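Written below as C-alpha cells is the structure these notes are about.
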Amino acid sequence: MKKILVTGGTGYIGSHTLIEICESTNWDVISADNYSRSTPKTLERIQLITEKPVKNYPIDLCNASAVKKMMEENKDIDGIIHFAAFKSVPESVASPLLYYHNNISSLVNILHAIKEYKIPNFIFSSSCSVYGNIEKLPVTENTPLHAVSPYGYTKQVGERIIQDFTNSYPDVKAILLRYFNPVGAHISGKIGEVPVQRLDNLVPVITQTAIGKLKETTVFGNNYNTRDGSCIRDYVHVSDIAKAHVDALTYLNTNKNAPPYSIFNLGTGSGVSVMEMINTFEKVSGTKLNYRIGARREGDVEAIYSDNSLVKKTLGWTPKYSLDDMMLSAWKWELNMKKKGA
Ligand code: WQD
C-alpha cells in the first residue's frame, strides 16, 4: 500500500483516520475536503499531532472535473476511503434533496475515478442507519435494511451502488463499514468533533451543555420501550472506528482473494441508553449536567446495537476504548476547545 486518498479528511471520523494512518503505517495520505462541514483548523491539528504534512484538496466531490483534476495529479493512489457525506438524521429529514445530491453524486464521482484510474481498494463509510427500526437485536450484517431517514437511505442506496459497481468491475475490492455511533476524541485531547453548522449528536450536546455553550440538554423522549425509557445506541470510540479503516485496507492488501465487496458492523456490541450516557458523563467529569426530558425526535429508532462478531473474525478488529474513555475524551476535548477560545 503506497498512497491513500481520504475524502472528508477534515471531518470527525476522517481526521481521526488520517491520524491513525500516519501513526500506524508508512502509507502516504492525501485528503479531499471542501470544509462544508469542517474547518481548515482541523488540518493544522492533524499535522501538529502527526508531525507530518497532509495535503488537502478543498474540492467539491460532486464536481466531476474537480475530482478528475485531483486524480490526474495523484496517479499512484492504491486505496480510497470515502467519508465525505452529510450525516445528520434530523437535517436529512428537513432537506432530503440536499442529502441525495451531496451523498450520492459524490459517491458516483469517486466510483468513476476508481474505474478510470484503476484504484484497487475502496473503503466506504456506511452506517447502522441503514437498518432503520429493528425487530431483532443485536443486528448482524444480514439484518434486512429499512433505512427510515433520508440520511440512512443515502447509505443504503450507496451500498447497493457499490455492490453493483464491484460486480460489474472486478478490478476493485470494496469494504463497507457500517458505523454505529462514533463518539469521543483523540486521546491527546488536541482533536475531536467540531460540530459545524449543526449540533444534533448527543455527546457534543452533553459536553457543550456542561461547558456552558448550551443552556441545557434535552433528552428526546423517555417513554420508549427500553430499560429506562430512553433510546438505546451502540456508542463506539472514534479512534476505534479509525483503526478499523487501517485494518480494512491491510486486509484488502494481504487478501487478494477477498470477495468483490464485504460488509461489516462497526460497534462495541453493547447498547447504552441516553440516560446512561448522561450518568457516565457526570461520573467521569464530576460535573452535574443540566438536562430535561422532551418530546421524541422524528427519525429516531428506539434501540439498535450491533453483533460485531464478523468484523472481529475477518479483520481481527476489536474496540479497545470503554464508555468512560469515550465520555472522558469528549470532555477533555471540549475543555481544550474552551482553553483555545473555540
Ligand atoms: C443519539 C441518541 C437521540 C441529541 C448518529 C449519527 C449518524 C449515524 C448513526 C454514523 C438518540 C438522543 C440526541 C440530543 C437526545 N452515525 N439525543 N438529545 O441519531 O443515533 O445518529 O449515529 O453514520 O450519522 O448522527 O445519533 O447522537 O443524534 O442521537 O436525546 O440533544 O441521543 O434521540 O436516541 P443518531 P445522535
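Please note that chains go A, B, ... in the order of the C-alpha cells, that every chain numbers its residues from 1, and that ligands are numbered from 1 in the order shown.
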
Do a neighbour search on Arg292 of chain A at 8 Å with only C-alpha atoms, toss out local chain neighbours closer than 3 positions, and write the hits as a compact mmCIF listing (two decimals) with N, CA and C atoms, in the first residue's frame.
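Saved file around-v6.txt follows:
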# COMPACT_ATOMS: atom_id res chain seq x y z
N GLU A 216 -29.09 23.84 28.17
CA GLU A 216 -29.45 22.53 28.74
C GLU A 216 -29.46 21.46 27.65
N THR A 217 -29.44 20.22 28.06
CA THR A 217 -29.58 19.09 27.13
C THR A 217 -31.02 18.60 27.22
N THR A 218 -31.63 18.38 26.08
CA THR A 218 -32.97 17.78 26.06
C THR A 218 -32.85 16.30 25.72
N VAL A 219 -33.43 15.47 26.56
CA VAL A 219 -33.49 14.03 26.27
C VAL A 219 -34.71 13.82 25.39

Once you count only C-alpha atoms and all ligand atoms, which residues end up within 6 Å of ligand 1, and could you hand them over as a PDB file with N, CA, C and O atoms, in the first residue's frame?
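This is the output file pocket-v9.pdb:
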ATOM      1  N   LYS A  87     -24.316  13.943   7.442  1.00  0.00           N
ATOM      2  CA  LYS A  87     -24.682  12.783   8.269  1.00  0.00           C
ATOM      3  C   LYS A  87     -25.653  13.092   9.410  1.00  0.00           C
ATOM      4  O   LYS A  87     -25.746  12.342  10.380  1.00  0.00           O
ATOM      5  N   SER A  88     -26.407  14.178   9.269  1.00  0.00           N
ATOM      6  CA  SER A  88     -27.350  14.461  10.358  1.00  0.00           C
ATOM      7  C   SER A  88     -28.724  13.880  10.042  1.00  0.00           C
ATOM      8  O   SER A  88     -29.329  14.226   9.007  1.00  0.00           O
ATOM      9  N   VAL A  89     -29.215  13.018  10.925  1.00  0.00           N
ATOM     10  CA  VAL A  89     -30.537  12.420  10.710  1.00  0.00           C
ATOM     11  C   VAL A  89     -31.616  13.513  10.620  1.00  0.00           C
ATOM     12  O   VAL A  89     -32.334  13.598   9.621  1.00  0.00           O
ATOM     13  N   SER A 127     -23.373   3.117   7.530  1.00  0.00           N
ATOM     14  CA  SER A 127     -23.928   3.489   8.830  1.00  0.00           C
ATOM     15  C   SER A 127     -24.975   2.484   9.292  1.00  0.00           C
ATOM     16  O   SER A 127     -25.663   1.877   8.487  1.00  0.00           O
ATOM     17  N   CYS A 128     -25.094   2.354  10.597  1.00  0.00           N
ATOM     18  CA  CYS A 128     -26.138   1.486  11.170  1.00  0.00           C
ATOM     19  C   CYS A 128     -27.516   2.069  10.855  1.00  0.00           C
ATOM     20  O   CYS A 128     -28.533   1.392  11.027  1.00  0.00           O
ATOM     21  N   SER A 129     -27.538   3.315  10.368  1.00  0.00           N
ATOM     22  CA  SER A 129     -28.843   3.905   9.998  1.00  0.00           C
ATOM     23  C   SER A 129     -29.518   3.132   8.873  1.00  0.00           C
ATOM     24  O   SER A 129     -30.702   3.297   8.635  1.00  0.00           O
ATOM     25  N   TYR A 179     -20.925   2.078  10.542  1.00  0.00           N
ATOM     26  CA  TYR A 179     -20.595   2.614  11.863  1.00  0.00           C
ATOM     27  C   TYR A 179     -21.851   2.636  12.721  1.00  0.00           C
ATOM     28  O   TYR A 179     -22.927   2.997  12.234  1.00  0.00           O
ATOM     29  N   PHE A 180     -21.676   2.334  13.987  1.00  0.00           N
ATOM     30  CA  PHE A 180     -22.781   2.582  14.903  1.00  0.00           C
ATOM     31  C   PHE A 180     -22.623   4.032  15.368  1.00  0.00           C
ATOM     32  O   PHE A 180     -22.528   4.915  14.495  1.00  0.00           O
ATOM     33  N   ASN A 181     -22.557   4.347  16.641  1.00  0.00           N
ATOM     34  CA  ASN A 181     -22.478   5.775  16.984  1.00  0.00           C
ATOM     35  C   ASN A 181     -21.069   6.195  17.380  1.00  0.00           C
ATOM     36  O   ASN A 181     -20.682   6.009  18.532  1.00  0.00           O
ATOM     37  N   ASP A 200     -26.402  18.153  16.394  1.00  0.00           N
ATOM     38  CA  ASP A 200     -27.517  17.224  16.621  1.00  0.00           C
ATOM     39  C   ASP A 200     -27.120  16.086  17.549  1.00  0.00           C
ATOM     40  O   ASP A 200     -27.943  15.529  18.226  1.00  0.00           O
ATOM     41  N   ASN A 201     -25.831  15.694  17.481  1.00  0.00           N
ATOM     42  CA  ASN A 201     -25.444  14.448  18.148  1.00  0.00           C
ATOM     43  C   ASN A 201     -25.350  14.606  19.668  1.00  0.00           C
ATOM     44  O   ASN A 201     -24.953  15.636  20.190  1.00  0.00           O
ATOM     45  N   LEU A 202     -25.715  13.523  20.332  1.00  0.00           N
ATOM     46  CA  LEU A 202     -25.868  13.552  21.802  1.00  0.00           C
ATOM     47  C   LEU A 202     -24.610  13.980  22.544  1.00  0.00           C
ATOM     48  O   LEU A 202     -24.671  14.876  23.405  1.00  0.00           O
ATOM     49  N   VAL A 205     -23.635  17.609  22.356  1.00  0.00           N
ATOM     50  CA  VAL A 205     -24.668  18.392  23.070  1.00  0.00           C
ATOM     51  C   VAL A 205     -24.406  18.316  24.580  1.00  0.00           C
ATOM     52  O   VAL A 205     -24.458  19.321  25.293  1.00  0.00           O
ATOM     53  N   THR A 217     -29.441  20.224  28.061  1.00  0.00           N
ATOM     54  CA  THR A 217     -29.576  19.090  27.135  1.00  0.00           C
ATOM     55  C   THR A 217     -31.017  18.598  27.216  1.00  0.00           C
ATOM     56  O   THR A 217     -31.572  18.475  28.310  1.00  0.00           O
ATOM     57  N   THR A 218     -31.627  18.376  26.080  1.00  0.00           N
ATOM     58  CA  THR A 218     -32.969  17.785  26.058  1.00  0.00           C
ATOM     59  C   THR A 218     -32.848  16.305  25.716  1.00  0.00           C
ATOM     60  O   THR A 218     -32.206  15.945  24.720  1.00  0.00           O
ATOM     61  N   VAL A 219     -33.425  15.471  26.561  1.00  0.00           N
ATOM     62  CA  VAL A 219     -33.488  14.034  26.270  1.00  0.00           C
ATOM     63  C   VAL A 219     -34.714  13.818  25.392  1.00  0.00           C
ATOM     64  O   VAL A 219     -35.839  14.130  25.807  1.00  0.00           O
ATOM     65  N   PHE A 220     -34.487  13.358  24.162  1.00  0.00           N
ATOM     66  CA  PHE A 220     -35.599  13.247  23.204  1.00  0.00           C
ATOM     67  C   PHE A 220     -36.448  12.015  23.505  1.00  0.00           C
ATOM     68  O   PHE A 220     -36.414  11.019  22.802  1.00  0.00           O
ATOM     69  N   CYS A 231     -33.783   6.196  24.433  1.00  0.00           N
ATOM     70  CA  CYS A 231     -33.301   5.407  23.281  1.00  0.00           C
ATOM     71  C   CYS A 231     -31.958   4.738  23.567  1.00  0.00           C
ATOM     72  O   CYS A 231     -31.140   5.272  24.313  1.00  0.00           O
ATOM     73  N   VAL A 274     -29.661   6.812  26.528  1.00  0.00           N
ATOM     74  CA  VAL A 274     -29.320   8.241  26.648  1.00  0.00           C
ATOM     75  C   VAL A 274     -29.072   8.580  28.114  1.00  0.00           C
ATOM     76  O   VAL A 274     -28.080   9.232  28.452  1.00  0.00           O
ATOM     77  N   ARG A 297     -37.773  12.673  18.963  1.00  0.00           N
ATOM     78  CA  ARG A 297     -37.289  13.335  17.748  1.00  0.00           C
ATOM     79  C   ARG A 297     -37.648  12.474  16.542  1.00  0.00           C
ATOM     80  O   ARG A 297     -37.390  11.255  16.534  1.00  0.00           O
ATOM     81  N   ASP A 300     -35.828   9.086  14.809  1.00  0.00           N
ATOM     82  CA  ASP A 300     -35.061   8.255  15.762  1.00  0.00           C
ATOM     83  C   ASP A 300     -35.608   6.827  15.811  1.00  0.00           C
ATOM     84  O   ASP A 300     -36.830   6.635  15.804  1.00  0.00           O
TER      85      ASP A 300
END

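With only C-alpha atoms taken into account, the protein and nucleic acid residues at most 12 Å from Thr226 of chain A (excluding it and anything under 2 positions from it in its own chain) are Gly221, Asn222, Asn223, Tyr224, Asp228, Gly229, Ser230, Cys231, Ile232, Arg233, Gly271, Val272, Ser273, Val274, Met275, Glu276, Val301, Glu302, Ala303 and Ile304 of chain A.
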
Skipping near chain neighbours, those fewer than 6 positions away, what residues fall within 10 Å of Arg198 of chain A using only C-alpha atoms, listed as a list in words? Arg37, Ser88, Pro90 and Glu91 of chain A

DSSP-assigned strand (DSSP E) among segment 134-201 of chain A, expressed as a PyMOL selection string: chain A and resi 173-179+181-183

Include all heavy atoms and write out the residues we just selected as a compact mmCIF listing (two decimals), in the first residue's frame.
# COMPACT_ATOMS: atom_id res chain seq x y z
N LYS A 173 -11.67 -4.03 -5.03
CA LYS A 173 -12.30 -4.74 -3.89
C LYS A 173 -12.80 -3.67 -2.93
O LYS A 173 -12.07 -2.69 -2.65
CB LYS A 173 -11.28 -5.63 -3.18
CG LYS A 173 -10.67 -6.71 -4.07
CD LYS A 173 -11.63 -7.85 -4.25
CE LYS A 173 -11.15 -8.86 -5.30
NZ LYS A 173 -10.46 -10.01 -4.77
N ALA A 174 -14.02 -3.84 -2.42
CA ALA A 174 -14.61 -2.82 -1.55
C ALA A 174 -14.97 -3.41 -0.19
O ALA A 174 -15.35 -4.58 -0.10
CB ALA A 174 -15.86 -2.24 -2.19
N ILE A 175 -14.80 -2.57 0.84
CA ILE A 175 -15.29 -2.92 2.18
C ILE A 175 -16.21 -1.80 2.64
O ILE A 175 -15.85 -0.63 2.59
CB ILE A 175 -14.12 -3.13 3.18
CG1 ILE A 175 -13.36 -4.42 2.84
CG2 ILE A 175 -14.64 -3.17 4.62
CD1 ILE A 175 -12.26 -4.79 3.81
N LEU A 176 -17.43 -2.18 3.06
CA LEU A 176 -18.43 -1.22 3.51
C LEU A 176 -18.51 -1.34 5.04
O LEU A 176 -18.82 -2.42 5.55
CB LEU A 176 -19.78 -1.52 2.87
CG LEU A 176 -19.94 -1.26 1.37
CD1 LEU A 176 -19.00 -2.09 0.50
CD2 LEU A 176 -21.37 -1.51 0.92
N LEU A 177 -18.21 -0.24 5.72
CA LEU A 177 -18.19 -0.28 7.19
C LEU A 177 -19.41 0.44 7.74
O LEU A 177 -19.60 1.63 7.52
CB LEU A 177 -16.91 0.37 7.72
CG LEU A 177 -15.60 -0.32 7.31
CD1 LEU A 177 -14.39 0.50 7.77
CD2 LEU A 177 -15.52 -1.74 7.87
N ARG A 178 -20.27 -0.30 8.43
CA ARG A 178 -21.49 0.28 9.00
C ARG A 178 -21.19 0.73 10.43
O ARG A 178 -21.20 -0.05 11.37
CB ARG A 178 -22.63 -0.76 9.00
CG ARG A 178 -23.13 -1.08 7.59
CD ARG A 178 -24.17 -2.16 7.59
NE ARG A 178 -24.65 -2.45 6.22
CZ ARG A 178 -25.29 -3.57 5.87
NH1 ARG A 178 -25.54 -4.50 6.79
NH2 ARG A 178 -25.69 -3.75 4.63
N TYR A 179 -20.93 2.08 10.54
CA TYR A 179 -20.59 2.61 11.86
C TYR A 179 -21.85 2.64 12.72
O TYR A 179 -22.93 3.00 12.23
CB TYR A 179 -20.13 4.06 11.79
CG TYR A 179 -19.07 4.36 10.77
CD1 TYR A 179 -19.03 5.62 10.18
CD2 TYR A 179 -18.12 3.43 10.38
CE1 TYR A 179 -18.06 5.93 9.23
CE2 TYR A 179 -17.16 3.73 9.44
CZ TYR A 179 -17.14 4.98 8.86
OH TYR A 179 -16.19 5.28 7.92
N ASN A 181 -22.56 4.35 16.64
CA ASN A 181 -22.48 5.78 16.98
C ASN A 181 -21.07 6.20 17.38
O ASN A 181 -20.68 6.01 18.53
CB ASN A 181 -23.48 6.09 18.09
CG ASN A 181 -24.90 6.13 17.57
OD1 ASN A 181 -25.35 5.17 16.91
ND2 ASN A 181 -25.59 7.23 17.79
N PRO A 182 -20.33 6.78 16.46
CA PRO A 182 -18.96 7.21 16.80
C PRO A 182 -18.99 8.38 17.76
O PRO A 182 -19.70 9.37 17.51
CB PRO A 182 -18.38 7.63 15.44
CG PRO A 182 -19.36 7.19 14.41
CD PRO A 182 -20.68 7.11 15.07
N VAL A 183 -18.24 8.29 18.86
CA VAL A 183 -18.19 9.38 19.85
C VAL A 183 -16.78 9.48 20.42
O VAL A 183 -15.93 8.62 20.16
CB VAL A 183 -19.18 9.14 21.01
CG1 VAL A 183 -20.63 9.17 20.54
CG2 VAL A 183 -18.87 7.83 21.73

Closest atom pairs, segment 98-145 of chain A residues within 12 Å of segment 309-320 of chain A, only C-alpha atoms, as a tab-separated table:
residue	atom	partner	partner_atom	distance
A:Pro138	CA	A:Ser309	CA	10.9
A:Val139	CA	A:Ser309	CA	10.7
A:Thr140	CA	A:Leu310	CA	8.3
A:Glu141	CA	A:Leu310	CA	8.2
A:Asn142	CA	A:Leu310	CA	10.8

Spatial neighbours of Leu323 of chain A, max dist 9 Å, only C-alpha atoms, sep filter under 6 positions, as a PyMOL selection string: chain A and resi 235-237+277+280

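Within the 6 Å cut-off around Gly79 of chain A, using only C-alpha atoms and omitting residues fewer than 4 positions from it on the same chain, the listed residues are Ile4, Asn121 and Phe122 of chain A.
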
Within 9 Å of segment 282-285 of chain A using only C-alpha atoms, minus same-chain residues under 2 positions, as a ChimeraX atom specification: /A:277-280,287-289,324-325,327-328,331-332

Which of segment 133-239 of chain A fall in alpha helix (DSSP H), as a ChimeraX atom specification: /A:150-168,202-211,238-239

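Distance-wise, atom CA of Met337 of chain A and atom CA of Leu214 of chain A end up 14.5 Å apart.
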
Which residues of segment 120-146 of chain A come within 12 Å of segment 102-115 of chain A, and for each one, what is the closest pair of atoms and their distance in Å to one decimal, counting only C-alpha atoms, sorted by chain and residue number, as a Markdown table?
| residue | atom | partner | partner_atom | distance |
| --- | --- | --- | --- | --- |
| A:Pro120 | CA | A:Ile114 | CA | 7.6 |
| A:Asn121 | CA | A:Ile114 | CA | 8.6 |
| A:Phe122 | CA | A:Ile114 | CA | 8.2 |
| A:Ile123 | CA | A:Leu111 | CA | 11.2 |
| A:Phe124 | CA | A:Leu107 | CA | 9.0 |
| A:Ser125 | CA | A:Leu107 | CA | 10.4 |
| A:Ser126 | CA | A:Asn103 | CA | 11.0 |

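You can rank A:Ile81, A:Val157, A:Ile211, A:Val130 by their closest distance to Leu145 of chain A using only C-alpha atoms, and at the top of that list sits A:Val130.
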
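Proximity ranking of A:Ile13, A:Leu266, A:Val196, A:Leu252 relative to Asp307 of chain A places A:Leu266 first, based on only C-alpha atoms.
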